[in-house]
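Chemist: If you scroll down you'll find the structure; I have some questions about it.
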Amino acid sequence: MADCLFCRIIAGEIPSNKVYEDEKVLAFHDIDKKAPVHVLIIPKKHIESVAALEAADSETVAHIFNVARQLAEELGLKDGFRIVTNTGKSAGQSVNHMHFHLLGGREFGWPPG
């Protein structure tokens, strides 16, 4: 999708500070970080949001969580971390390409938001 920010990052049209990449996903540091560690993990396949997931996407979502676990370990988040995805405008989704925020390095409160 030519007008999708994350698709343009995946295509290399917009630079990012990558921390992980394979054939299915890309992970990079968020430029508007909300925690000392704030990484975005995105599928390379354009999926608008969690609401647009199809059964065939299950393997990709599972892979994203495995990548998140691996990155949390590599980034030293041994005291804990949070994984967040927003679905839809009212939930705070600002880019219409499904993405997961890996956050850590500080205490988080509950409930969020």
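Labels for the structure tokens follow display order: chains A, B, ..., residues from 1 in each chain, ligands from 1.
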Could you pull the residues within 12 Å of segment 54-58 of chain A, counting only C-alpha atoms, minus those fewer than 4 positions along the same chain, as a PyMOL selection string?
Modeler: chain A and resi 24+43-50+62-65+98
Chemist: Among chain A, which ones does DSSP place in helix (DSSP H, G or I), written as a ChimeraX atom specification?
Modeler: /A:5-10,50-52,55-74,89-91
Chemist: Excluding Val37 of chain A and any residue of its chain fewer than 6 positions from it, enumerate the residues within 10 Å of it, using only C-alpha atoms, and give them as an MDAnalysis selection string.
Modeler: chainID A and resid 29:30 72 75:77 81 101:106
Chemist: Select from chain A everything DSSP, run on the backbone, classes as strand (DSSP E), then give the selection as a list in words.
Modeler: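 The strand (DSSP E) residues within chain A come out as Lys18, Val19, Tyr20, Glu21, Val25, Leu26, Ala27, Phe28, His29, Val37, His38, Val39, Leu40, Ile41, Ile42, Pro43, Phe81, Arg82, Ile83, Val84, Phe100, His101, Leu102, Leu103 and Gly104 of chain A.
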Chemist: Show me, as a list of chain:residue names, the residues that have an atom within 9 Å of Tyr20 of chain A when counting only C-alpha atoms, minus same-chain residues fewer than 4 positions from it.
Modeler: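 Listing them by chain and then by number gives A:Val25, A:Leu26, A:Ala27, A:Phe28, A:Ile41, A:Val67, A:Leu71.
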Chemist: Emit the selected residues as an mmCIF file, in the first residue's frame, including N, CA and C atoms.
Modeler:
```
data_model
loop_
_atom_site.group_PDB
_atom_site.id
_atom_site.type_symbol
_atom_site.label_atom_id
_atom_site.label_comp_id
_atom_site.auth_asym_id
_atom_site.auth_seq_id
_atom_site.Cartn_x
_atom_site.Cartn_y
_atom_site.Cartn_z
ATOM 1 N N VAL A 25 8.413 -10.303 9.483
ATOM 2 C CA VAL A 25 8.217 -9.126 10.331
ATOM 3 C C VAL A 25 9.417 -8.190 10.310
ATOM 4 N N LEU A 26 9.151 -6.971 10.737
ATOM 5 C CA LEU A 26 10.186 -5.963 10.941
ATOM 6 C C LEU A 26 9.946 -5.358 12.319
ATOM 7 N N ALA A 27 11.014 -5.145 13.062
ATOM 8 C CA ALA A 27 10.924 -4.490 14.370
ATOM 9 C C ALA A 27 11.904 -3.331 14.393
ATOM 10 N N PHE A 28 11.445 -2.200 14.921
ATOM 11 C CA PHE A 28 12.296 -1.010 14.961
ATOM 12 C C PHE A 28 11.902 -0.142 16.157
ATOM 13 N N ILE A 41 6.732 -3.791 16.427
ATOM 14 C CA ILE A 41 6.884 -5.036 15.676
ATOM 15 C C ILE A 41 5.716 -5.090 14.705
ATOM 16 N N VAL A 67 8.961 -13.222 18.386
ATOM 17 C CA VAL A 67 9.950 -12.165 18.167
ATOM 18 C C VAL A 67 9.948 -11.203 19.352
ATOM 19 N N LEU A 71 13.185 -10.341 21.549
ATOM 20 C CA LEU A 71 13.677 -8.970 21.674
ATOM 21 C C LEU A 71 13.691 -8.505 23.122
#
```
Chemist: What is the atom CA of Val61 of chain A-atom CA of Ile83 of chain A distance in Å, reported with one decimal?
Modeler: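 Taking atom CA of Val61 of chain A and atom CA of Ile83 of chain A, their separation equals 12.5 Å.
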Chemist: Out of A:Ile9, A:Lys89, A:Ala2, A:Lys33, which residue has the shortest atom-to-atom distance to Glu21 of chain A when counting only C-alpha atoms?
Modeler: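 Looking at the shortest contact to Glu21 of chain A, the residue is A:Ile9.
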Chemist: Work out how far apart atom CA of Pro111 of chain A and atom CA of Arg82 of chain A are and give it in Å to one decimal.
Modeler: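 Taking atom CA of Pro111 of chain A as the start and atom CA of Arg82 of chain A as the end point, the length is 12.5 Å.
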Chemist: Measure the distance from atom CA of Leu40 of chain A to atom CA of Phe100 of chain A in Å and round it to one decimal.
Modeler: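 About the pair atom CA of Leu40 of chain A and atom CA of Phe100 of chain A: they are 5.6 Å apart.
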